[in-house]
Amino acid sequence: MKRNPLYILLCLFVSLTFIVACNNDDFSTNSSLKLAFSNDTLRLDTILTGIGTSTRQLKVYNRNKESLVISSITLADGSNSGFRINVDGMKGSNFSNIEIRGKDSLFIFIEATIRPANSDIPFFKKDSIVFLTNGNRQDVKLYAYGQDFLSLQNKEITQDTLISAQRPIVIYDSLTVKEGARLTIAAGTRLYFHGSSSLQVHGQLTVEGTLDAPVAFRGDRTDNMFSYLPYDRLPGQWGGIRFHTTSYDNTINFADIHGGIYGIRCDSAAIDRKKLTLNNTIIHQVSGNGLEMTNCQATAGNCQISNAGNNCIKLLGGDYEFVHCTVANYYSWNIKNGVALAIQNEKGETPYPLTMAAFRNCIIAGSSGDEISGSRSKDSSIPFNYYFSYCLINSVEEKNDKIMNVIWEKDDHFEKMDSEMQKYDFQLDSLSKAINLGNNEDSRNYPFDLKGRSRLNDEAPDAGCYEWIKKEDE
């Protein structure tokens with residue numbers, strides 16, 4: 001049937017009128033309609049002054065059926081606080097007549113750069129994003145702490161030098177100790193390394209941390225990757241500490257070394273001279289090896305070496321002693337390629353005699369079924385000497401005269417193992433087989449654990465760097 005042209009035009013007009021009507025929302029002026037927010041308070045933690053943060057996100061919801069016009073979105077103290085906002089792609093501190101449809105939302109992005117305040121201690125900064133809608137005033141609070149810092153860029157230590165600072169020291173393009181010079185780092189000093197910067201030691205390093213004021217080595221990112229996850233808990237945030245071939249007689253006491261590509265790396269050196277004495281130190285959460293030592297002499301006591309993308313400890317030849325150490329590899333940030341302890345006496349066709357690798361009163365643990373990797377040369381004339389006594393070890397049981405009073409068991413009884421939040425606490429819980437496993441004679445040089453608690457108050461010391469203390473509710 002042939003349609004009348006006038007009829008067709010009339011139908012088209014009605015259809016267009018309907019479409020326009022559907023898209024022409026009425027914006028309500030009802031004062032009872034309010035906005036909702038993904039957060040009522042946004043905390044940016046501690047910010048190094050003068051350095052911009054990563055971007056945080058705030059979502060603004062209109063949970064009502066009716067559309068609304070937000071009369072104004074204002075950063076209350078925008079010119080002074082250091083916070084910055086971006087509303088729907090527009091930068092500024094004051095925005096007007098922002099439309100938000102019914103059951104819809106919009107994003108606000110927040111950053112901050114805090115001005116220096118010439119303060120040794122963190123100082124508080126606050127601001128708020130104020131929303132005015134149909135006469136209703138709502139706000140989202142913004143909180144942060146600013147921290148002034150000192151800066152070193154491509155610094156070379158050419159003579160004996162003491163570093164002591166109340167403020168963090170940010171290292172750019174690495175810090176190098178030249179041969180013949182000694183760098184001493186005083187208790188409480190905090191070294192923040194930018195990017196892949198590292199500490200390169202050709203001379204000598206002395207770290208004089210204390211129980212109450214350890215020396216910190218970490219990356220310089222103080223913001224979060226996600227709202228719940230600070231970059232400071234992640235590996236690969238900076239380089240690491242490397243002792244080159246010419247470096248000897250280094251001592252590190254009470255240091256916290258975490259978040260690097262590697263922790264400590266010791267290059268090959270004369271084995272009859274001490275390369276490193278490492279005491280009361282934590283090496284944690286690195287993407288490569290935690291403590292890597294090649295054909296040198298070193299001792300470690302009361303140390304936690306944990307969570308490495310490769311190996312927590314890797315020994316290639318050399319002479320080593322570990323006492324009251326917790327070596328635990330529960331690395332979970334990405335693929336774990338190594339174990340808690342790797343030992344070898346040959347690399348390629350080059351021999352590296354392992355004069356001794358002794359572990360006394362130690363824990364060797366991890367998420368795998370076997371946390372020791374031993375690679376021994378087919379040439380039996382190359383020394384491969386090891387000794388384990390009074391240890392708790394997650395590996396295949398071995399019986400010989402190099403093993404004394406060892407419990408071969410996978411024992412994950414630690415205080416906290418939270419892979420989602422990347423939070424780990426390797427203190428023992430009450431079910432650990434490491435409790436009272438240690439030998440008193442091996443504890444004589446380490447009467448206190450890494451927390452400063454006595455090992456001499458019960459029948460025997462515990463294996464590892466932490467002494468279990470019974471809680472009141474246990």
# chains A, B, ... in the order shown; residues from 1 in each chain; ligands from 1

call {"tool": "residues_around", "arguments": {"residues": "A:Ser395", "least_positions_apart": "4", "cutoff": "9 Å", "atoms": "only C-alpha atoms", "output": "list in words"}}
result
Ile364, Ala365, Gly369, Asp370, Glu371, Ile372, Ser373, Trp408, Glu409 and Lys410 of chain A

call {"tool": "residues_around", "arguments": {"residues": "A:Trp468", "least_positions_apart": "5", "cutoff": "10 Å", "atoms": "only C-alpha atoms", "output": "number ranges by chain"}}
result
A: 427-430, 432, 434-436, 449, 453, 455, 461-463

call {"tool": "closest_residue", "arguments": {"among": "A:Asn279, A:Asn295, A:Ala216, A:Ile70", "to": "A:His244", "atoms": "only C-alpha atoms"}}
result
A:Asn295

call {"tool": "select_by_dssp", "arguments": {"residues": "stretch 246-472 of chain A", "states": "strand (DSSP E or B)", "output": "MDAnalysis selection string"}}
result
chainID A and resid 250:253 255:258 260 264:266 274:279 282:286 291:294 297:301 304:308 313:316 318:323 326:329 341:344 346:347 350:351 354:360 363:366 372:375 384:389 392:393 403:404 407:408 414:418 423:428 448 454

call {"tool": "write_last_selection", "arguments": {"atoms": "C-alpha atoms", "output": "tab-separated table (two decimals), in the first residue's frame"}}
result
chain	number	residue	atom	x	y	z
A	250	ASN	CA	83.11	-3.59	55.43
A	251	THR	CA	80.73	-3.70	58.39
A	252	ILE	CA	76.96	-3.26	58.39
A	253	ASN	CA	75.11	-3.23	61.70
A	255	ALA	CA	70.43	-1.78	58.58
A	256	ASP	CA	67.12	-2.14	56.77
A	257	ILE	CA	67.76	-2.82	53.08
A	258	HIS	CA	64.61	-3.40	51.07
A	260	GLY	CA	65.96	-3.14	45.49
A	264	ILE	CA	73.97	-6.79	48.69
A	265	ARG	CA	76.40	-8.04	46.07
A	266	CYS	CA	80.02	-8.91	46.97
A	274	LYS	CA	87.23	-10.32	55.52
A	275	LYS	CA	85.02	-8.77	52.87
A	276	LEU	CA	81.89	-8.14	54.92
A	277	THR	CA	80.58	-8.44	58.47
A	278	LEU	CA	76.80	-8.23	58.42
A	279	ASN	CA	74.93	-8.08	61.74
A	282	ILE	CA	67.19	-7.04	57.20
A	283	ILE	CA	67.44	-7.60	53.44
A	284	HIS	CA	63.91	-7.94	52.12
A	285	GLN	CA	61.78	-7.91	48.97
A	286	VAL	CA	64.23	-7.67	46.06
A	291	LEU	CA	72.70	-11.49	49.39
A	292	GLU	CA	75.00	-12.54	46.54
A	293	MET	CA	78.63	-13.33	47.36
A	294	THR	CA	81.32	-14.59	45.02
A	297	GLN	CA	85.04	-14.16	53.11
A	298	ALA	CA	82.03	-12.93	55.06
A	299	THR	CA	80.03	-13.52	58.24
A	300	ALA	CA	76.39	-12.74	59.00
A	301	GLY	CA	74.61	-12.87	62.35
A	304	GLN	CA	66.71	-11.63	58.12
A	305	ILE	CA	67.20	-12.24	54.41
A	306	SER	CA	63.80	-12.71	52.84
A	307	ASN	CA	61.68	-12.63	49.69
A	308	ALA	CA	63.87	-12.54	46.60
A	313	ILE	CA	71.36	-16.08	49.52
A	314	LYS	CA	73.57	-17.07	46.60
A	315	LEU	CA	77.09	-18.28	47.36
A	316	LEU	CA	79.65	-18.99	44.64
A	318	GLY	CA	84.30	-18.52	49.29
A	319	ASP	CA	84.25	-18.83	53.08
A	320	TYR	CA	81.09	-17.91	55.00
A	321	GLU	CA	79.46	-18.27	58.39
A	322	PHE	CA	75.81	-17.53	59.21
A	323	VAL	CA	74.55	-17.57	62.79
A	326	THR	CA	66.25	-16.34	59.08
A	327	VAL	CA	66.49	-17.04	55.35
A	328	ALA	CA	62.93	-17.16	54.02
A	329	ASN	CA	61.82	-16.96	50.40
A	341	LEU	CA	69.78	-20.73	49.64
A	342	ALA	CA	71.81	-21.49	46.51
A	343	ILE	CA	75.39	-22.81	46.82
A	344	GLN	CA	77.83	-23.69	44.05
A	346	GLU	CA	81.79	-23.81	39.76
A	347	LYS	CA	80.43	-21.43	37.13
A	350	THR	CA	85.68	-21.78	36.14
A	351	PRO	CA	86.20	-23.34	39.59
A	354	LEU	CA	83.81	-23.36	48.54
A	355	THR	CA	86.09	-23.44	51.57
A	356	MET	CA	83.12	-23.34	53.97
A	357	ALA	CA	79.45	-22.35	54.11
A	358	ALA	CA	78.40	-22.84	57.74
A	359	PHE	CA	74.89	-22.24	59.07
A	360	ARG	CA	74.32	-22.39	62.83
A	363	ILE	CA	66.03	-21.09	59.58
A	364	ILE	CA	65.97	-21.81	55.85
A	365	ALA	CA	62.35	-21.65	54.70
A	366	GLY	CA	60.15	-20.75	51.77
A	372	ILE	CA	68.20	-25.30	49.02
A	373	SER	CA	69.88	-25.54	45.63
A	374	GLY	CA	73.34	-27.12	45.58
A	375	SER	CA	75.39	-27.14	42.39
A	384	PHE	CA	82.53	-27.94	48.36
A	385	ASN	CA	82.35	-27.71	52.13
A	386	TYR	CA	79.20	-26.92	54.10
A	387	TYR	CA	77.94	-27.36	57.64
A	388	PHE	CA	74.43	-27.08	59.16
A	389	SER	CA	73.79	-27.31	62.88
A	392	LEU	CA	65.18	-25.72	60.70
A	393	ILE	CA	65.44	-26.39	56.97
A	403	ILE	CA	74.76	-32.09	59.46
A	404	MET	CA	74.02	-31.83	63.20
A	407	ILE	CA	64.88	-30.50	61.52
A	408	TRP	CA	64.06	-31.10	57.86
A	414	PHE	CA	55.51	-17.04	60.99
A	415	GLU	CA	53.51	-14.10	62.35
A	416	LYS	CA	52.26	-12.63	59.05
A	417	MET	CA	52.30	-13.88	55.46
A	418	ASP	CA	50.02	-11.54	53.50
A	423	LYS	CA	53.15	-7.59	54.33
A	424	TYR	CA	55.44	-10.14	55.98
A	425	ASP	CA	56.55	-10.61	59.56
A	426	PHE	CA	59.05	-13.43	60.03
A	427	GLN	CA	58.82	-13.52	63.80
A	428	LEU	CA	57.87	-17.01	64.98
A	448	PHE	CA	69.85	-10.73	71.92
A	454	SER	CA	67.20	-11.94	75.30

call {"tool": "residues_around", "arguments": {"residues": "stretch 106-116 of chain A", "least_positions_apart": "6", "cutoff": "6 Å", "atoms": "only C-alpha atoms", "output": "ChimeraX atom specification"}}
result
/A:49-53,55-60,82-87,148

call {"tool": "write_last_selection", "arguments": {"atoms": "N, CA and C atoms", "output": "CSV table (one decimal), in the first residue's frame"}}
result
chain,number,residue,atom,x,y,z
A,49,THR,N,59.2,16.7,49.7
A,49,THR,CA,58.9,18.0,49.2
A,49,THR,C,59.5,18.3,47.8
A,50,GLY,N,58.8,19.0,47.0
A,50,GLY,CA,59.2,19.4,45.7
A,50,GLY,C,59.1,18.4,44.6
A,51,ILE,N,58.7,17.2,45.0
A,51,ILE,CA,58.5,16.1,44.1
A,51,ILE,C,57.1,15.7,44.0
A,52,GLY,N,56.5,15.7,42.8
A,52,GLY,CA,55.1,15.4,42.5
A,52,GLY,C,54.8,14.0,42.8
A,53,THR,N,53.6,13.8,43.3
A,53,THR,CA,53.1,12.4,43.6
A,53,THR,C,52.5,11.8,42.3
A,55,THR,N,49.2,10.0,40.6
A,55,THR,CA,47.8,10.4,40.6
A,55,THR,C,46.9,9.5,41.3
A,56,ARG,N,46.1,10.1,42.2
A,56,ARG,CA,45.1,9.3,42.9
A,56,ARG,C,43.7,9.7,42.4
A,57,GLN,N,42.8,8.8,42.6
A,57,GLN,CA,41.5,8.9,41.9
A,57,GLN,C,40.3,9.0,42.9
A,58,LEU,N,39.4,9.9,42.7
A,58,LEU,CA,38.2,10.0,43.5
A,58,LEU,C,37.0,9.9,42.5
A,59,LYS,N,36.0,9.1,42.9
A,59,LYS,CA,34.9,9.0,42.1
A,59,LYS,C,33.7,9.6,42.7
A,60,VAL,N,33.0,10.4,42.0
A,60,VAL,CA,31.8,11.2,42.5
A,60,VAL,C,30.6,10.5,41.9
A,82,GLY,N,49.4,22.7,48.0
A,82,GLY,CA,50.2,21.8,47.2
A,82,GLY,C,49.4,20.8,46.5
A,83,PHE,N,48.1,20.6,46.8
A,83,PHE,CA,47.3,19.7,46.1
A,83,PHE,C,46.8,20.2,44.8
A,84,ARG,N,46.6,19.4,43.8
A,84,ARG,CA,46.0,19.7,42.5
A,84,ARG,C,44.9,18.8,42.1
A,85,ILE,N,43.9,19.3,41.4
A,85,ILE,CA,42.8,18.4,40.9
A,85,ILE,C,42.6,18.6,39.5
A,86,ASN,N,42.0,17.5,38.9
A,86,ASN,CA,41.6,17.5,37.5
A,86,ASN,C,40.1,16.9,37.5
A,87,VAL,N,39.2,17.7,37.0
A,87,VAL,CA,37.8,17.4,36.9
A,87,VAL,C,37.4,17.1,35.5
A,148,ASP,N,60.9,17.2,54.1
A,148,ASP,CA,62.1,17.8,53.4
A,148,ASP,C,63.2,16.8,53.4

call {"tool": "residues_around", "arguments": {"residues": "A:Gly309", "least_positions_apart": "3", "cutoff": "6 Å", "atoms": "only C-alpha atoms", "output": "list in words"}}
result
Ser287, Gly288, Lys336 and Asn337 of chain A

call {"tool": "atom_distance", "arguments": {"atom1": "atom CA of A:Tyr331", "atom2": "atom CA of A:Ser367"}}
result
8.0 Å

call {"tool": "closest_residue", "arguments": {"among": "A:Arg167, A:Arg444, A:Phe131, A:Asp232", "to": "A:Phe95", "atoms": "only C-alpha atoms"}}
result
A:Phe131

call {"tool": "residues_around", "arguments": {"residues": "A:Tyr172", "least_positions_apart": "4", "cutoff": "7 Å", "atoms": "only C-alpha atoms", "output": "list in words"}}
result
Leu152, Gln153, Asn154, Phe193, His194 and Ser197 of chain A

call {"tool": "write_last_selection", "arguments": {"atoms": "N, CA and C atoms", "output": "PDB file, in the first residue's frame"}}
result
ATOM      1  N   LEU A 152      71.790  14.157  46.876  1.00  0.00           N
ATOM      2  CA  LEU A 152      73.130  13.883  46.373  1.00  0.00           C
ATOM      3  C   LEU A 152      73.002  13.358  44.954  1.00  0.00           C
ATOM      4  N   GLN A 153      73.728  13.945  44.026  1.00  0.00           N
ATOM      5  CA  GLN A 153      73.638  13.521  42.636  1.00  0.00           C
ATOM      6  C   GLN A 153      75.010  13.114  42.117  1.00  0.00           C
ATOM      7  N   ASN A 154      75.082  11.834  41.712  1.00  0.00           N
ATOM      8  CA  ASN A 154      76.325  11.280  41.166  1.00  0.00           C
ATOM      9  C   ASN A 154      77.513  11.612  42.080  1.00  0.00           C
ATOM     10  N   PHE A 193      66.997   5.960  47.301  1.00  0.00           N
ATOM     11  CA  PHE A 193      67.642   5.891  45.993  1.00  0.00           C
ATOM     12  C   PHE A 193      66.607   6.059  44.889  1.00  0.00           C
ATOM     13  N   HIS A 194      66.930   6.950  43.946  1.00  0.00           N
ATOM     14  CA  HIS A 194      66.004   7.258  42.857  1.00  0.00           C
ATOM     15  C   HIS A 194      66.252   6.326  41.674  1.00  0.00           C
ATOM     16  N   SER A 197      69.386   3.896  40.835  1.00  0.00           N
ATOM     17  CA  SER A 197      70.591   4.328  41.557  1.00  0.00           C
ATOM     18  C   SER A 197      70.993   3.283  42.587  1.00  0.00           C
TER      19      SER A 197
END

call {"tool": "atom_distance", "arguments": {"atom1": "atom CA of A:Val130", "atom2": "atom CA of A:Leu35"}}
result
11.5 Å

call {"tool": "atom_distance", "arguments": {"atom1": "atom CA of A:Gly317", "atom2": "atom CA of A:Asp267"}}
result
11.1 Å

call {"tool": "closest_residue", "arguments": {"among": "A:Ile73, A:Ile100, A:Met421, A:Leu150", "to": "A:Ser119", "atoms": "only C-alpha atoms"}}
result
A:Leu150

call {"tool": "closest_residue", "arguments": {"among": "A:Asp40, A:Arg233, A:Leu132, A:Leu205", "to": "A:Leu162", "atoms": "only C-alpha atoms"}}
result
A:Leu205

call {"tool": "decode", "arguments": {"residues": "stretch 252-298 of chain A", "atoms": "N, CA and C atoms", "output": "PDB file, in the first residue's frame"}}
result
ATOM      1  N   ILE A 252      78.321  -3.791  58.397  1.00  0.00           N
ATOM      2  CA  ILE A 252      76.957  -3.255  58.389  1.00  0.00           C
ATOM      3  C   ILE A 252      76.260  -3.781  59.634  1.00  0.00           C
ATOM      4  N   ASN A 253      75.795  -2.856  60.466  1.00  0.00           N
ATOM      5  CA  ASN A 253      75.109  -3.226  61.697  1.00  0.00           C
ATOM      6  C   ASN A 253      73.787  -2.473  61.789  1.00  0.00           C
ATOM      7  N   PHE A 254      72.732  -3.191  62.039  1.00  0.00           N
ATOM      8  CA  PHE A 254      71.396  -2.618  62.149  1.00  0.00           C
ATOM      9  C   PHE A 254      71.046  -1.755  60.930  1.00  0.00           C
ATOM     10  N   ALA A 255      70.869  -2.431  59.813  1.00  0.00           N
ATOM     11  CA  ALA A 255      70.428  -1.778  58.584  1.00  0.00           C
ATOM     12  C   ALA A 255      69.146  -2.438  58.099  1.00  0.00           C
ATOM     13  N   ASP A 256      68.330  -1.657  57.415  1.00  0.00           N
ATOM     14  CA  ASP A 256      67.115  -2.143  56.771  1.00  0.00           C
ATOM     15  C   ASP A 256      67.257  -1.866  55.282  1.00  0.00           C
ATOM     16  N   ILE A 257      67.494  -2.927  54.509  1.00  0.00           N
ATOM     17  CA  ILE A 257      67.757  -2.818  53.082  1.00  0.00           C
ATOM     18  C   ILE A 257      66.613  -3.515  52.358  1.00  0.00           C
ATOM     19  N   HIS A 258      65.773  -2.753  51.677  1.00  0.00           N
ATOM     20  CA  HIS A 258      64.611  -3.396  51.067  1.00  0.00           C
ATOM     21  C   HIS A 258      64.195  -2.707  49.776  1.00  0.00           C
ATOM     22  N   GLY A 259      63.494  -3.482  48.937  1.00  0.00           N
ATOM     23  CA  GLY A 259      62.885  -2.930  47.739  1.00  0.00           C
ATOM     24  C   GLY A 259      63.800  -2.754  46.550  1.00  0.00           C
ATOM     25  N   GLY A 260      64.997  -3.343  46.570  1.00  0.00           N
ATOM     26  CA  GLY A 260      65.963  -3.138  45.494  1.00  0.00           C
ATOM     27  C   GLY A 260      65.844  -4.145  44.364  1.00  0.00           C
ATOM     28  N   ILE A 261      66.666  -3.935  43.343  1.00  0.00           N
ATOM     29  CA  ILE A 261      66.837  -4.949  42.305  1.00  0.00           C
ATOM     30  C   ILE A 261      67.621  -6.114  42.895  1.00  0.00           C
ATOM     31  N   TYR A 262      68.608  -5.812  43.710  1.00  0.00           N
ATOM     32  CA  TYR A 262      69.294  -6.798  44.540  1.00  0.00           C
ATOM     33  C   TYR A 262      69.501  -6.167  45.908  1.00  0.00           C
ATOM     34  N   GLY A 263      69.948  -6.946  46.865  1.00  0.00           N
ATOM     35  CA  GLY A 263      70.198  -6.410  48.194  1.00  0.00           C
ATOM     36  C   GLY A 263      71.653  -6.005  48.352  1.00  0.00           C
ATOM     37  N   ILE A 264      72.513  -7.001  48.592  1.00  0.00           N
ATOM     38  CA  ILE A 264      73.966  -6.791  48.689  1.00  0.00           C
ATOM     39  C   ILE A 264      74.654  -7.751  47.731  1.00  0.00           C
ATOM     40  N   ARG A 265      75.618  -7.215  46.997  1.00  0.00           N
ATOM     41  CA  ARG A 265      76.402  -8.036  46.072  1.00  0.00           C
ATOM     42  C   ARG A 265      77.872  -7.844  46.393  1.00  0.00           C
ATOM     43  N   CYS A 266      78.579  -8.950  46.658  1.00  0.00           N
ATOM     44  CA  CYS A 266      80.016  -8.912  46.968  1.00  0.00           C
ATOM     45  C   CYS A 266      80.784  -9.578  45.837  1.00  0.00           C
ATOM     46  N   ASP A 267      81.655  -8.814  45.188  1.00  0.00           N
ATOM     47  CA  ASP A 267      82.463  -9.362  44.105  1.00  0.00           C
ATOM     48  C   ASP A 267      83.626 -10.184  44.643  1.00  0.00           C
ATOM     49  N   SER A 268      84.183 -10.988  43.774  1.00  0.00           N
ATOM     50  CA  SER A 268      85.288 -11.867  44.129  1.00  0.00           C
ATOM     51  C   SER A 268      86.465 -11.081  44.702  1.00  0.00           C
ATOM     52  N   ALA A 269      87.086 -11.646  45.751  1.00  0.00           N
ATOM     53  CA  ALA A 269      88.188 -10.961  46.437  1.00  0.00           C
ATOM     54  C   ALA A 269      89.105 -12.003  47.067  1.00  0.00           C
ATOM     55  N   ALA A 270      90.177 -11.536  47.711  1.00  0.00           N
ATOM     56  CA  ALA A 270      91.074 -12.455  48.417  1.00  0.00           C
ATOM     57  C   ALA A 270      90.308 -13.110  49.562  1.00  0.00           C
ATOM     58  N   ILE A 271      90.351 -14.432  49.610  1.00  0.00           N
ATOM     59  CA  ILE A 271      89.519 -15.152  50.563  1.00  0.00           C
ATOM     60  C   ILE A 271      90.100 -15.152  51.975  1.00  0.00           C
ATOM     61  N   ASP A 272      91.363 -14.739  52.124  1.00  0.00           N
ATOM     62  CA  ASP A 272      91.983 -14.719  53.454  1.00  0.00           C
ATOM     63  C   ASP A 272      91.780 -13.386  54.166  1.00  0.00           C
ATOM     64  N   ARG A 273      90.946 -12.518  53.598  1.00  0.00           N
ATOM     65  CA  ARG A 273      90.680 -11.221  54.202  1.00  0.00           C
ATOM     66  C   ARG A 273      89.172 -10.969  54.229  1.00  0.00           C
ATOM     67  N   LYS A 274      88.670 -10.470  55.352  1.00  0.00           N
ATOM     68  CA  LYS A 274      87.229 -10.317  55.519  1.00  0.00           C
ATOM     69  C   LYS A 274      86.681  -9.264  54.556  1.00  0.00           C
ATOM     70  N   LYS A 275      85.696  -9.672  53.809  1.00  0.00           N
ATOM     71  CA  LYS A 275      85.017  -8.774  52.873  1.00  0.00           C
ATOM     72  C   LYS A 275      83.883  -8.018  53.565  1.00  0.00           C
ATOM     73  N   LEU A 276      83.083  -8.752  54.345  1.00  0.00           N
ATOM     74  CA  LEU A 276      81.886  -8.143  54.925  1.00  0.00           C
ATOM     75  C   LEU A 276      81.521  -8.820  56.239  1.00  0.00           C
ATOM     76  N   THR A 277      81.210  -7.979  57.233  1.00  0.00           N
ATOM     77  CA  THR A 277      80.581  -8.439  58.466  1.00  0.00           C
ATOM     78  C   THR A 277      79.193  -7.819  58.511  1.00  0.00           C
ATOM     79  N   LEU A 278      78.181  -8.671  58.499  1.00  0.00           N
ATOM     80  CA  LEU A 278      76.797  -8.228  58.418  1.00  0.00           C
ATOM     81  C   LEU A 278      76.054  -8.694  59.670  1.00  0.00           C
ATOM     82  N   ASN A 279      75.616  -7.740  60.488  1.00  0.00           N
ATOM     83  CA  ASN A 279      74.929  -8.083  61.735  1.00  0.00           C
ATOM     84  C   ASN A 279      73.619  -7.310  61.862  1.00  0.00           C
ATOM     85  N   ASN A 280      72.632  -7.955  62.480  1.00  0.00           N
ATOM     86  CA  ASN A 280      71.376  -7.286  62.871  1.00  0.00           C
ATOM     87  C   ASN A 280      70.740  -6.521  61.716  1.00  0.00           C
ATOM     88  N   THR A 281      70.694  -7.162  60.571  1.00  0.00           N
ATOM     89  CA  THR A 281      70.274  -6.483  59.343  1.00  0.00           C
ATOM     90  C   THR A 281      69.160  -7.238  58.637  1.00  0.00           C
ATOM     91  N   ILE A 282      68.270  -6.481  58.015  1.00  0.00           N
ATOM     92  CA  ILE A 282      67.194  -7.043  57.198  1.00  0.00           C
ATOM     93  C   ILE A 282      67.465  -6.723  55.732  1.00  0.00           C
ATOM     94  N   ILE A 283      67.445  -7.754  54.898  1.00  0.00           N
ATOM     95  CA  ILE A 283      67.440  -7.599  53.439  1.00  0.00           C
ATOM     96  C   ILE A 283      66.138  -8.237  52.971  1.00  0.00           C
ATOM     97  N   HIS A 284      65.259  -7.439  52.382  1.00  0.00           N
ATOM     98  CA  HIS A 284      63.905  -7.936  52.123  1.00  0.00           C
ATOM     99  C   HIS A 284      63.365  -7.404  50.804  1.00  0.00           C
ATOM    100  N   GLN A 285      62.601  -8.258  50.129  1.00  0.00           N
ATOM    101  CA  GLN A 285      61.782  -7.906  48.972  1.00  0.00           C
ATOM    102  C   GLN A 285      62.610  -7.285  47.849  1.00  0.00           C
ATOM    103  N   VAL A 286      63.437  -8.113  47.211  1.00  0.00           N
ATOM    104  CA  VAL A 286      64.228  -7.671  46.064  1.00  0.00           C
ATOM    105  C   VAL A 286      63.844  -8.513  44.853  1.00  0.00           C
ATOM    106  N   SER A 287      64.022  -7.964  43.669  1.00  0.00           N
ATOM    107  CA  SER A 287      63.623  -8.689  42.465  1.00  0.00           C
ATOM    108  C   SER A 287      64.680  -9.682  42.003  1.00  0.00           C
ATOM    109  N   GLY A 288      65.934  -9.507  42.423  1.00  0.00           N
ATOM    110  CA  GLY A 288      67.005 -10.437  42.067  1.00  0.00           C
ATOM    111  C   GLY A 288      67.441 -11.264  43.260  1.00  0.00           C
ATOM    112  N   ASN A 289      68.764 -11.285  43.536  1.00  0.00           N
ATOM    113  CA  ASN A 289      69.302 -11.993  44.693  1.00  0.00           C
ATOM    114  C   ASN A 289      69.346 -11.065  45.909  1.00  0.00           C
ATOM    115  N   GLY A 290      69.047 -11.610  47.077  1.00  0.00           N
ATOM    116  CA  GLY A 290      69.106 -10.818  48.299  1.00  0.00           C
ATOM    117  C   GLY A 290      70.535 -10.538  48.717  1.00  0.00           C
ATOM    118  N   LEU A 291      71.285 -11.591  49.012  1.00  0.00           N
ATOM    119  CA  LEU A 291      72.699 -11.494  49.390  1.00  0.00           C
ATOM    120  C   LEU A 291      73.475 -12.406  48.453  1.00  0.00           C
ATOM    121  N   GLU A 292      74.236 -11.796  47.549  1.00  0.00           N
ATOM    122  CA  GLU A 292      74.998 -12.542  46.539  1.00  0.00           C
ATOM    123  C   GLU A 292      76.480 -12.340  46.796  1.00  0.00           C
ATOM    124  N   MET A 293      77.209 -13.444  47.041  1.00  0.00           N
ATOM    125  CA  MET A 293      78.634 -13.335  47.362  1.00  0.00           C
ATOM    126  C   MET A 293      79.430 -14.314  46.516  1.00  0.00           C
ATOM    127  N   THR A 294      80.473 -13.789  45.911  1.00  0.00           N
ATOM    128  CA  THR A 294      81.318 -14.585  45.023  1.00  0.00           C
ATOM    129  C   THR A 294      82.731 -14.642  45.564  1.00  0.00           C
ATOM    130  N   ASN A 295      83.175 -15.842  45.923  1.00  0.00           N
ATOM    131  CA  ASN A 295      84.565 -16.128  46.254  1.00  0.00           C
ATOM    132  C   ASN A 295      85.171 -15.074  47.188  1.00  0.00           C
ATOM    133  N   CYS A 296      84.541 -14.880  48.343  1.00  0.00           N
ATOM    134  CA  CYS A 296      85.056 -13.936  49.324  1.00  0.00           C
ATOM    135  C   CYS A 296      84.820 -14.492  50.726  1.00  0.00           C
ATOM    136  N   GLN A 297      85.239 -13.741  51.729  1.00  0.00           N
ATOM    137  CA  GLN A 297      85.042 -14.158  53.114  1.00  0.00           C
ATOM    138  C   GLN A 297      84.061 -13.206  53.789  1.00  0.00           C
ATOM    139  N   ALA A 298      83.041 -13.765  54.430  1.00  0.00           N
ATOM    140  CA  ALA A 298      82.027 -12.934  55.064  1.00  0.00           C
ATOM    141  C   ALA A 298      81.357 -13.687  56.197  1.00  0.00           C
TER     142      ALA A 298
END
